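**Q** CSV, N, CA and C atoms, file coords-v8.csv:
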chain,number,residue,atom,x,y,z
J,29,MET,N,-16.3,-41.2,16.9
J,29,MET,CA,-16.8,-40.2,16.0
J,29,MET,C,-17.0,-38.8,16.8
J,30,SER,N,-16.6,-37.8,16.2
J,30,SER,CA,-16.6,-36.4,16.8
J,30,SER,C,-17.9,-35.8,16.6
J,31,THR,N,-18.4,-35.0,17.6
J,31,THR,CA,-19.7,-34.3,17.4
J,31,THR,C,-19.4,-32.8,17.2
J,32,VAL,N,-18.2,-32.4,16.9
J,32,VAL,CA,-17.9,-31.0,16.6
J,32,VAL,C,-18.5,-30.6,15.3
J,33,GLN,N,-19.3,-29.5,15.4
J,33,GLN,CA,-20.0,-29.0,14.2
J,33,GLN,C,-19.1,-28.0,13.5
J,34,GLY,N,-19.1,-28.0,12.2
J,34,GLY,CA,-18.3,-27.1,11.5
J,34,GLY,C,-19.1,-25.8,11.3
J,35,HIS,N,-18.3,-24.7,11.1
J,35,HIS,CA,-19.0,-23.4,10.9
J,35,HIS,C,-19.1,-23.1,9.5
J,36,LEU,N,-20.2,-22.8,9.0
J,36,LEU,CA,-20.5,-22.5,7.6
J,36,LEU,C,-20.1,-21.0,7.3
J,37,GLU,N,-19.1,-20.7,6.5
J,37,GLU,CA,-18.7,-19.4,6.2
J,37,GLU,C,-19.6,-18.9,5.1
J,38,ARG,N,-20.3,-17.8,5.3
J,38,ARG,CA,-21.3,-17.2,4.3
J,38,ARG,C,-20.7,-16.0,3.6
J,39,ARG,N,-19.6,-15.5,4.0
J,39,ARG,CA,-19.0,-14.3,3.4
J,39,ARG,C,-18.6,-14.6,1.9
J,40,ALA,N,-18.9,-13.7,1.0
J,40,ALA,CA,-18.6,-14.0,-0.4
J,40,ALA,C,-17.3,-13.2,-0.8
J,41,ALA,N,-16.7,-12.4,0.1
J,41,ALA,CA,-15.6,-11.6,-0.3
J,41,ALA,C,-14.6,-11.6,0.9
J,42,GLN,N,-13.3,-11.5,0.6
J,42,GLN,CA,-12.3,-11.5,1.6
J,42,GLN,C,-12.5,-10.3,2.5
J,43,ARG,N,-12.4,-10.5,3.8
J,43,ARG,CA,-12.5,-9.4,4.8
J,43,ARG,C,-11.2,-8.9,5.3
J,44,PHE,N,-11.0,-7.6,5.4
J,44,PHE,CA,-9.7,-7.0,5.8
J,44,PHE,C,-10.0,-6.2,7.1
J,45,GLY,N,-9.1,-6.3,8.1
J,45,GLY,CA,-9.2,-5.6,9.3
J,45,GLY,C,-8.6,-4.2,9.2
J,46,PHE,N,-9.4,-3.2,8.9
J,46,PHE,CA,-8.9,-1.9,8.8
J,46,PHE,C,-9.7,-1.0,9.8
J,47,SER,N,-9.0,0.0,10.4
J,47,SER,CA,-9.6,1.0,11.2
J,47,SER,C,-9.5,2.3,10.4
J,48,LEU,N,-10.6,2.6,9.8
J,48,LEU,CA,-10.7,3.8,8.9
J,48,LEU,C,-11.8,4.7,9.3
J,49,PRO,N,-11.7,6.0,9.2
J,49,PRO,CA,-12.8,6.9,9.4
J,49,PRO,C,-13.8,6.7,8.3
J,50,VAL,N,-15.1,6.7,8.7
J,50,VAL,CA,-16.2,6.6,7.7
J,50,VAL,C,-17.3,7.6,8.1
J,51,SER,N,-17.8,8.2,7.1
J,51,SER,CA,-19.0,9.1,7.2
J,51,SER,C,-20.2,8.2,6.9
J,52,VAL,N,-21.2,8.3,7.7
J,52,VAL,CA,-22.4,7.5,7.6
J,52,VAL,C,-23.6,8.4,7.4
J,53,ARG,N,-24.4,8.1,6.4
J,53,ARG,CA,-25.6,8.9,6.1
J,53,ARG,C,-26.8,8.0,5.9
J,54,SER,N,-27.8,8.1,6.8
J,54,SER,CA,-29.0,7.4,6.7
J,54,SER,C,-29.9,8.1,5.7
J,55,LEU,N,-30.5,7.3,4.8
J,55,LEU,CA,-31.4,7.9,3.8
J,55,LEU,C,-32.8,8.1,4.3
J,56,ILE,N,-33.4,7.1,4.9
J,56,ILE,CA,-34.7,7.2,5.5
J,56,ILE,C,-34.7,6.5,6.8
J,57,PRO,N,-34.8,7.1,8.0
J,57,PRO,CA,-34.9,8.5,8.2
J,57,PRO,C,-33.5,9.2,7.9
J,58,GLN,N,-33.6,10.5,7.5
J,58,GLN,CA,-32.4,11.2,7.2
J,58,GLN,C,-31.6,11.5,8.4
J,59,GLY,N,-30.3,11.4,8.3
J,59,GLY,CA,-29.4,11.8,9.4
J,59,GLY,C,-28.0,11.5,9.0
J,60,GLU,N,-27.0,12.0,9.7
J,60,GLU,CA,-25.6,11.8,9.4
J,60,GLU,C,-24.8,11.6,10.7
J,61,GLY,N,-23.7,10.8,10.5
J,61,GLY,CA,-22.9,10.6,11.7
J,61,GLY,C,-21.5,10.1,11.2
J,62,GLN,N,-20.6,9.8,12.1
J,62,GLN,CA,-19.3,9.4,11.9
J,62,GLN,C,-19.0,8.1,12.5
J,63,GLY,N,-18.1,7.3,12.0
J,63,GLY,CA,-17.7,6.1,12.7
J,63,GLY,C,-16.3,5.7,12.3
J,64,VAL,N,-15.9,4.5,12.7
J,64,VAL,CA,-14.6,3.9,12.4
J,64,VAL,C,-14.8,2.4,12.0
J,65,THR,N,-14.3,2.0,10.9
J,65,THR,CA,-14.5,0.6,10.5
J,65,THR,C,-13.7,-0.3,11.4
J,66,GLN,N,-14.2,-1.5,11.5
J,66,GLN,CA,-13.4,-2.6,12.2
J,66,GLN,C,-12.9,-3.5,11.1
J,67,ASN,N,-13.8,-3.8,10.1
J,67,ASN,CA,-13.3,-4.6,9.0
J,67,ASN,C,-14.1,-4.2,7.8
J,68,LEU,N,-13.6,-4.6,6.6
J,68,LEU,CA,-14.1,-4.1,5.4
J,68,LEU,C,-13.9,-5.1,4.3
J,69,SER,N,-14.8,-5.3,3.4
J,69,SER,CA,-14.6,-6.1,2.2
J,69,SER,C,-15.2,-5.4,1.0
J,70,ALA,N,-15.1,-6.0,-0.2
J,70,ALA,CA,-15.7,-5.4,-1.3
J,70,ALA,C,-17.2,-5.4,-1.3
J,71,ARG,N,-17.8,-6.3,-0.4
J,71,ARG,CA,-19.3,-6.4,-0.3
J,71,ARG,C,-19.9,-6.0,1.0
J,72,GLY,N,-19.1,-5.6,2.0
J,72,GLY,CA,-19.6,-5.2,3.3
J,72,GLY,C,-18.7,-4.5,4.2
J,73,ALA,N,-19.2,-3.9,5.2
J,73,ALA,CA,-18.5,-3.2,6.2
J,73,ALA,C,-19.0,-3.4,7.6
J,74,PHE,N,-18.1,-3.4,8.6
J,74,PHE,CA,-18.5,-3.5,10.0
J,74,PHE,C,-17.8,-2.4,10.7
J,75,PHE,N,-18.6,-1.5,11.3
J,75,PHE,CA,-18.0,-0.3,11.9
J,75,PHE,C,-18.7,0.0,13.2
J,76,CYS,N,-18.0,0.9,14.0
J,76,CYS,CA,-18.5,1.4,15.3
J,76,CYS,C,-18.9,2.8,15.1
J,77,THR,N,-20.0,3.2,15.7
J,77,THR,CA,-20.5,4.6,15.5
J,77,THR,C,-21.4,5.0,16.7
J,78,ASP,N,-21.5,6.3,17.0
J,78,ASP,CA,-22.4,6.8,18.0
J,78,ASP,C,-23.8,7.1,17.3
J,79,PHE,N,-23.8,7.0,16.0
J,79,PHE,CA,-25.0,7.3,15.2
J,79,PHE,C,-26.0,6.1,15.2
J,80,SER,N,-27.2,6.4,15.7
J,80,SER,CA,-28.1,5.3,15.9
J,80,SER,C,-28.7,4.9,14.5
J,81,LEU,N,-28.6,3.6,14.2
J,81,LEU,CA,-29.2,3.0,13.0
J,81,LEU,C,-30.0,1.8,13.3
J,82,THR,N,-30.9,1.4,12.4
J,82,THR,CA,-31.8,0.3,12.6
J,82,THR,C,-31.6,-0.7,11.5
J,83,GLU,N,-31.7,-2.0,11.8
J,83,GLU,CA,-31.7,-3.0,10.8
J,83,GLU,C,-32.6,-2.7,9.7
J,84,GLY,N,-32.2,-2.8,8.4
J,84,GLY,CA,-33.0,-2.5,7.3
J,84,GLY,C,-32.8,-1.1,6.7
J,85,ASP,N,-32.2,-0.2,7.5
J,85,ASP,CA,-32.0,1.2,7.0
J,85,ASP,C,-31.1,1.2,5.8
J,86,ALA,N,-31.5,2.0,4.8
J,86,ALA,CA,-30.6,2.3,3.6
J,86,ALA,C,-29.6,3.4,4.0
J,87,VAL,N,-28.3,3.1,3.8
J,87,VAL,CA,-27.3,4.0,4.2
J,87,VAL,C,-26.3,4.3,3.0
J,88,GLU,N,-25.6,5.4,3.2
J,88,GLU,CA,-24.4,5.7,2.3
J,88,GLU,C,-23.2,5.8,3.3
J,89,LEU,N,-22.1,5.1,2.9
J,89,LEU,CA,-20.9,5.2,3.7
J,89,LEU,C,-19.9,5.9,2.7
J,90,THR,N,-19.1,6.9,3.2
J,90,THR,CA,-18.1,7.5,2.5
J,90,THR,C,-16.8,7.3,3.2
J,91,LEU,N,-15.8,6.8,2.5
J,91,LEU,CA,-14.5,6.5,3.0
J,91,LEU,C,-13.5,6.3,2.0
J,92,VAL,N,-12.2,6.2,2.4
J,92,VAL,CA,-11.1,6.0,1.4
J,92,VAL,C,-10.9,4.4,1.4
J,93,MET,N,-11.3,3.8,0.3
J,93,MET,CA,-11.2,2.4,0.2
J,93,MET,C,-9.7,2.0,-0.1
J,94,PRO,N,-9.1,1.2,0.7
J,94,PRO,CA,-7.7,0.9,0.6
J,94,PRO,C,-7.4,0.0,-0.6
J,95,SER,N,-6.1,0.1,-1.1
J,95,SER,CA,-5.7,-0.6,-2.3
J,95,SER,C,-5.8,-2.1,-2.2
J,96,GLU,N,-5.8,-2.6,-1.0
J,96,GLU,CA,-5.9,-4.1,-0.8
J,96,GLU,C,-7.3,-4.5,-1.3
J,97,ILE,N,-8.3,-3.6,-1.3
J,97,ILE,CA,-9.6,-4.0,-1.7
J,97,ILE,C,-9.9,-3.6,-3.2
J,98,THR,N,-9.4,-2.4,-3.5
J,98,THR,CA,-9.6,-1.9,-4.9
J,98,THR,C,-8.7,-2.6,-5.9
J,99,LEU,N,-7.6,-3.2,-5.4
J,99,LEU,CA,-6.6,-3.8,-6.3
J,99,LEU,C,-5.9,-2.8,-7.2
J,100,ALA,N,-6.0,-1.6,-6.8
J,100,ALA,CA,-5.3,-0.5,-7.6
J,100,ALA,C,-4.7,0.4,-6.5
J,101,GLU,N,-5.2,1.7,-6.5
J,101,GLU,CA,-4.7,2.7,-5.5
J,101,GLU,C,-5.8,2.9,-4.5
J,102,ASN,N,-5.5,3.6,-3.4
J,102,ASN,CA,-6.5,4.0,-2.5
J,102,ASN,C,-7.5,4.9,-3.2
J,103,MET,N,-8.8,4.7,-3.0
J,103,MET,CA,-9.8,5.5,-3.7
J,103,MET,C,-10.9,5.9,-2.7
J,104,ARG,N,-11.2,7.2,-2.8
J,104,ARG,CA,-12.4,7.7,-2.0
J,104,ARG,C,-13.6,7.3,-2.7
J,105,VAL,N,-14.5,6.6,-2.0
J,105,VAL,CA,-15.8,6.1,-2.5
J,105,VAL,C,-16.9,6.4,-1.6
J,106,ARG,N,-18.1,6.5,-2.3
J,106,ARG,CA,-19.4,6.6,-1.5
J,106,ARG,C,-20.1,5.2,-1.9
J,107,CYS,N,-20.3,4.5,-0.8
J,107,CYS,CA,-21.0,3.2,-1.0
J,107,CYS,C,-22.4,3.2,-0.5
J,108,ARG,N,-23.3,2.6,-1.3
J,108,ARG,CA,-24.7,2.4,-0.9
J,108,ARG,C,-24.9,1.1,-0.3
J,109,GLY,N,-25.7,1.0,0.7
J,109,GLY,CA,-25.9,-0.4,1.3
J,109,GLY,C,-27.1,-0.4,2.2
J,110,LYS,N,-27.2,-1.5,2.9
J,110,LYS,CA,-28.4,-1.8,3.8
J,110,LYS,C,-27.8,-2.3,5.1
J,111,VAL,N,-28.3,-1.8,6.2
J,111,VAL,CA,-27.9,-2.2,7.5
J,111,VAL,C,-28.5,-3.6,7.7
J,112,MET,N,-27.6,-4.6,8.0
J,112,MET,CA,-28.0,-6.0,8.2
J,112,MET,C,-28.1,-6.3,9.7
J,113,ARG,N,-27.3,-5.7,10.5
J,113,ARG,CA,-27.2,-6.0,11.9
J,113,ARG,C,-26.8,-4.8,12.7
J,114,VAL,N,-27.4,-4.6,13.9
J,114,VAL,CA,-26.9,-3.5,14.8
J,114,VAL,C,-26.8,-4.1,16.2
J,115,VAL,N,-25.6,-4.0,16.7
J,115,VAL,CA,-25.4,-4.5,18.1
J,115,VAL,C,-25.4,-3.3,19.0
J,116,PRO,N,-26.4,-3.2,19.9
J,116,PRO,CA,-26.5,-2.0,20.7
J,116,PRO,C,-25.4,-2.0,21.8
J,117,PRO,N,-25.1,-0.8,22.3
J,117,PRO,CA,-24.0,-0.7,23.2
J,117,PRO,C,-24.4,-1.3,24.6
J,118,LEU,N,-23.4,-2.1,25.1
J,118,LEU,CA,-23.6,-2.6,26.5
J,118,LEU,C,-23.4,-1.5,27.5
J,119,SER,N,-22.5,-0.6,27.2
J,119,SER,CA,-22.3,0.6,28.0
J,119,SER,C,-21.8,1.7,27.1
J,120,GLY,N,-22.1,2.9,27.4
J,120,GLY,CA,-21.7,4.0,26.5
J,120,GLY,C,-22.7,4.2,25.4
J,121,THR,N,-22.3,4.7,24.3
J,121,THR,CA,-23.2,5.0,23.2
J,121,THR,C,-22.7,4.5,21.9
J,122,THR,N,-21.8,3.6,21.8
J,122,THR,CA,-21.2,3.1,20.6
J,122,THR,C,-21.9,1.8,20.1
J,123,PHE,N,-22.5,2.0,18.9
J,123,PHE,CA,-23.2,0.8,18.2
J,123,PHE,C,-22.2,0.1,17.3
J,124,GLU,N,-22.3,-1.2,17.1
J,124,GLU,CA,-21.6,-1.9,16.1
J,124,GLU,C,-22.6,-2.2,15.0
J,125,VAL,N,-22.2,-1.9,13.8
J,125,VAL,CA,-23.1,-2.0,12.7
J,125,VAL,C,-22.5,-2.8,11.5
J,126,ALA,N,-23.3,-3.7,11.0
J,126,ALA,CA,-22.9,-4.5,9.8
J,126,ALA,C,-23.7,-4.0,8.6
J,127,VAL,N,-23.1,-3.7,7.5
J,127,VAL,CA,-23.8,-3.2,6.3
J,127,VAL,C,-23.4,-4.0,5.1
J,128,ARG,N,-24.3,-4.4,4.3
J,128,ARG,CA,-24.1,-5.1,3.1
J,128,ARG,C,-24.0,-4.0,2.0
J,129,LEU,N,-23.0,-3.9,1.2
J,129,LEU,CA,-22.8,-2.9,0.2
J,129,LEU,C,-23.4,-3.4,-1.1
J,130,HIS,N,-24.1,-2.5,-1.8
J,130,HIS,CA,-24.8,-2.8,-3.0
J,130,HIS,C,-24.2,-2.0,-4.2
J,131,GLY,N,-23.5,-0.9,-4.0
J,131,GLY,CA,-23.0,-0.1,-5.1
J,131,GLY,C,-22.0,0.9,-4.6
J,132,TYR,N,-21.2,1.3,-5.6
J,132,TYR,CA,-20.1,2.3,-5.3
J,132,TYR,C,-20.2,3.4,-6.2
J,133,GLU,N,-19.8,4.6,-5.7
J,133,GLU,CA,-19.6,5.8,-6.6
J,133,GLU,C,-18.2,6.3,-6.2
J,134,PHE,N,-17.3,6.3,-7.2
J,134,PHE,CA,-15.9,6.7,-7.0
J,134,PHE,C,-15.9,8.3,-7.1
J,135,LEU,N,-15.4,8.9,-6.1
J,135,LEU,CA,-15.5,10.4,-6.0
J,135,LEU,C,-14.3,11.0,-6.7
J,136,PRO,N,-14.5,12.1,-7.3
J,136,PRO,CA,-13.3,12.8,-7.9
J,136,PRO,C,-12.3,13.2,-7.0
J,137,GLN,N,-11.0,13.3,-7.5
J,137,GLN,CA,-9.9,13.7,-6.7
J,137,GLN,C,-10.1,15.1,-6.0
J,138,ALA,N,-10.8,16.0,-6.6
J,138,ALA,CA,-11.0,17.3,-6.0
J,138,ALA,C,-11.8,17.2,-4.7
J,139,GLU,N,-12.8,16.3,-4.7
J,139,GLU,CA,-13.6,16.1,-3.5
J,139,GLU,C,-12.8,15.4,-2.5
J,140,ALA,N,-11.9,14.5,-2.9
J,140,ALA,CA,-11.1,13.7,-1.9
J,140,ALA,C,-10.1,14.7,-1.3
J,141,ALA,N,-9.6,15.7,-2.0
J,141,ALA,CA,-8.6,16.6,-1.4
J,141,ALA,C,-9.1,17.4,-0.2
J,142,THR,N,-10.5,17.5,-0.1
J,142,THR,CA,-11.0,18.3,1.0
J,142,THR,C,-11.3,17.4,2.3
J,143,ASP,N,-11.0,16.1,2.2
J,143,ASP,CA,-11.3,15.2,3.2
J,143,ASP,C,-10.3,15.3,4.4
J,144,ASP,N,-10.8,15.3,5.6
J,144,ASP,CA,-10.0,15.3,6.8
J,144,ASP,C,-9.5,13.9,7.2
J,145,SER,N,-10.0,12.9,6.6
J,145,SER,CA,-9.7,11.5,7.0
J,145,SER,C,-8.2,11.2,6.7
J,146,ARG,N,-7.6,11.9,5.9
J,146,ARG,CA,-6.2,11.7,5.6
J,146,ARG,C,-5.3,11.8,6.8
J,147,ALA,N,-5.8,12.5,7.8
J,147,ALA,CA,-5.1,12.7,9.1
J,147,ALA,C,-5.1,11.5,9.9
J,148,TYR,N,-5.9,10.5,9.7
J,148,TYR,CA,-6.0,9.3,10.5
J,148,TYR,C,-5.0,8.3,9.9
J,149,ASP,N,-4.4,7.6,10.8
J,149,ASP,CA,-3.5,6.5,10.4
J,149,ASP,C,-4.3,5.3,10.0
J,150,ARG,N,-4.0,4.6,9.0
J,150,ARG,CA,-4.7,3.3,8.6
J,150,ARG,C,-4.0,2.2,9.5
J,151,ILE,N,-4.8,1.4,10.1
J,151,ILE,CA,-4.3,0.3,10.9
J,151,ILE,C,-4.8,-1.0,10.3
J,152,SER,N,-3.9,-1.9,10.0
J,152,SER,CA,-4.3,-3.1,9.4
J,152,SER,C,-3.8,-4.3,10.2
J,153,GLY,N,-4.7,-5.2,10.5
J,153,GLY,CA,-4.3,-6.4,11.2
J,153,GLY,C,-3.4,-7.3,10.3
J,154,LEU,N,-3.3,-7.0,9.0
J,154,LEU,CA,-2.5,-7.8,8.1
J,154,LEU,C,-1.0,-7.4,8.1
J,155,HIS,N,-0.7,-6.2,8.5
J,155,HIS,CA,0.6,-5.7,8.4
J,155,HIS,C,1.1,-5.2,9.8
J,156,GLU,N,2.4,-5.5,10.1
J,156,GLU,CA,3.0,-4.9,11.3
J,156,GLU,C,3.5,-3.5,11.0
J,157,HIS,N,3.4,-2.6,12.0
J,157,HIS,CA,3.8,-1.2,11.8
J,157,HIS,C,5.0,-1.0,12.7
In structure tokens, what does this structure look like?

**A**
Amino acid sequence: MSTVQGHLERRAAQRFGFSLPVSVRSLIPQGEGQGVTQNLSARGAFFCTDFSLTEGDAVELTLVMPSEITLAENMRVRCRGKVMRVVPPLSGTTFEVAVRLHGYEFLPQAEAATDDSRAYDRISGLHEH
């Protein structure tokens, strides 16, 4: 008989490995920063940032949500969520942050046209380039 324990998967939505620029805004305490996603789903995000956050912080993330998640076209969205986990930097200043997303606001095209994130290439672990 094997004693290997199985891993219980708690994620409720498929996770996609995307490297996308993300704007981060902490609501209390107020502050803003930038980051880059490591992976993303309809219900959560994991990203790296130099912006210091604490578990439990209410945040807004603004990014272009890819078509693989929206099941339509790429859409610029502002997501509201709660910081679930913060991994402090071992060296340097980059934190790894997990956020559970609670709501979305789809931003108008006019606001999306002013975004500099279009200059970044989207990198996906699902597709070869």

**Q** Which value, in Å to one decimal, gives the distance between CA of Pro117 in chain J and CA of Ser47 in chain J?

**A**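 Between CA of Pro117 in chain J and CA of Ser47 in chain J the gap is 18.8 Å.
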
**Q** Pull the strand (DSSP E or B) assignments for range 62-124 of chain J out of DSSP run on the backbone, and list those residues as a PyMOL selection string.

**A** chain J and resi 62-68+72-77+86-93+103-115+123-124

**Q** Could you tell me which of J:Thr121, J:Val127, J:Gly109, J:Phe46 comes closest to Ala86 in chain J if we count only C-alpha atoms?

**A** J:Gly109

**Q** Neighbours of Thr82 in chain J within 7 Å (only N, CA and C atoms; same-chain residues fewer than 3 positions away dropped), as a list in words?

**A**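 Non-adjacent residues within range: Asp85, Val111, Met112, Arg113 and Val114 of chain J.
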
**Q** Out of J:Val87, J:Leu135, J:Met93, J:Cys107, which residue has the shortest atom-to-atom distance to Arg53 in chain J when counting only C-alpha atoms?

**A**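 Nearest candidate to Arg53 in chain J out of J:Val87, J:Leu135, J:Met93, J:Cys107: J:Val87.
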
**Q** For atom C of Ser69 in chain J and CA of Arg43 in chain J, quote the distance in Å rounded to one decimal.

**A**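 The value is 6.1 Å.
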
**Q** Give me, as a ChimeraX atom specification, the residues of range 49-129 of chain J that a backbone DSSP run labels alpha helix (DSSP H).

**A** /J:95-98

**Q** Write out, as a tab-separated table (two decimals), in the frame of the given file, the residues just selected, with N, CA and C atoms.

**A**
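result-v7.tsv was written with the following content:
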chain	number	residue	atom	x	y	z
J	95	SER	N	-6.10	0.10	-1.10
J	95	SER	CA	-5.70	-0.60	-2.30
J	95	SER	C	-5.80	-2.10	-2.20
J	96	GLU	N	-5.80	-2.60	-1.00
J	96	GLU	CA	-5.90	-4.10	-0.80
J	96	GLU	C	-7.30	-4.50	-1.30
J	97	ILE	N	-8.30	-3.60	-1.30
J	97	ILE	CA	-9.60	-4.00	-1.70
J	97	ILE	C	-9.90	-3.60	-3.20
J	98	THR	N	-9.40	-2.40	-3.50
J	98	THR	CA	-9.60	-1.90	-4.90
J	98	THR	C	-8.70	-2.60	-5.90

**Q** Return the single residue from J:Thr122, J:Met103, J:Ser80, J:Val115 that is closest to Phe134 in chain J, with distances computed using all atoms listed in the file.

**A**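 Looking only at the distances to Phe134 in chain J, the closest residue turns out to be J:Met103.
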
**Q** Which distance in Å separates atom N of Arg71 in chain J and atom N of Leu118 in chain J, to one decimal?

**A**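 According to the coordinates, atom N of Arg71 in chain J and atom N of Leu118 in chain J are separated by 26.4 Å.
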
**Q** Could you tell me which of J:Gly63, J:Gln58, J:Thr77, J:Val105 comes closest to Glu133 in chain J if we count only N, CA and C atoms?

**A**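 Under the stated criterion, the closest residue is J:Val105.
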
**Q** Find the spatial neighbours of Pro49 in chain J, counting all atoms listed in the file, within a cut-off of 6 Å - ignore same-chain residues fewer than 3 positions away - and output them as a ChimeraX atom specification.

**A** /J:63-65,90-91

**Q** Compare J:Pro94, J:Leu89, J:Arg108, J:Ala100 by their minimum atom-to-atom distance to Val52 in chain J, counting all atoms listed in the file, and give me the closest one.

**A** J:Leu89

**Q** Compare J:Gly61, J:Pro136, J:Glu88, J:Phe123 by their minimum atom-to-atom distance to Arg104 in chain J, counting all atoms listed in the file, and give me the closest one.

**A** J:Pro136
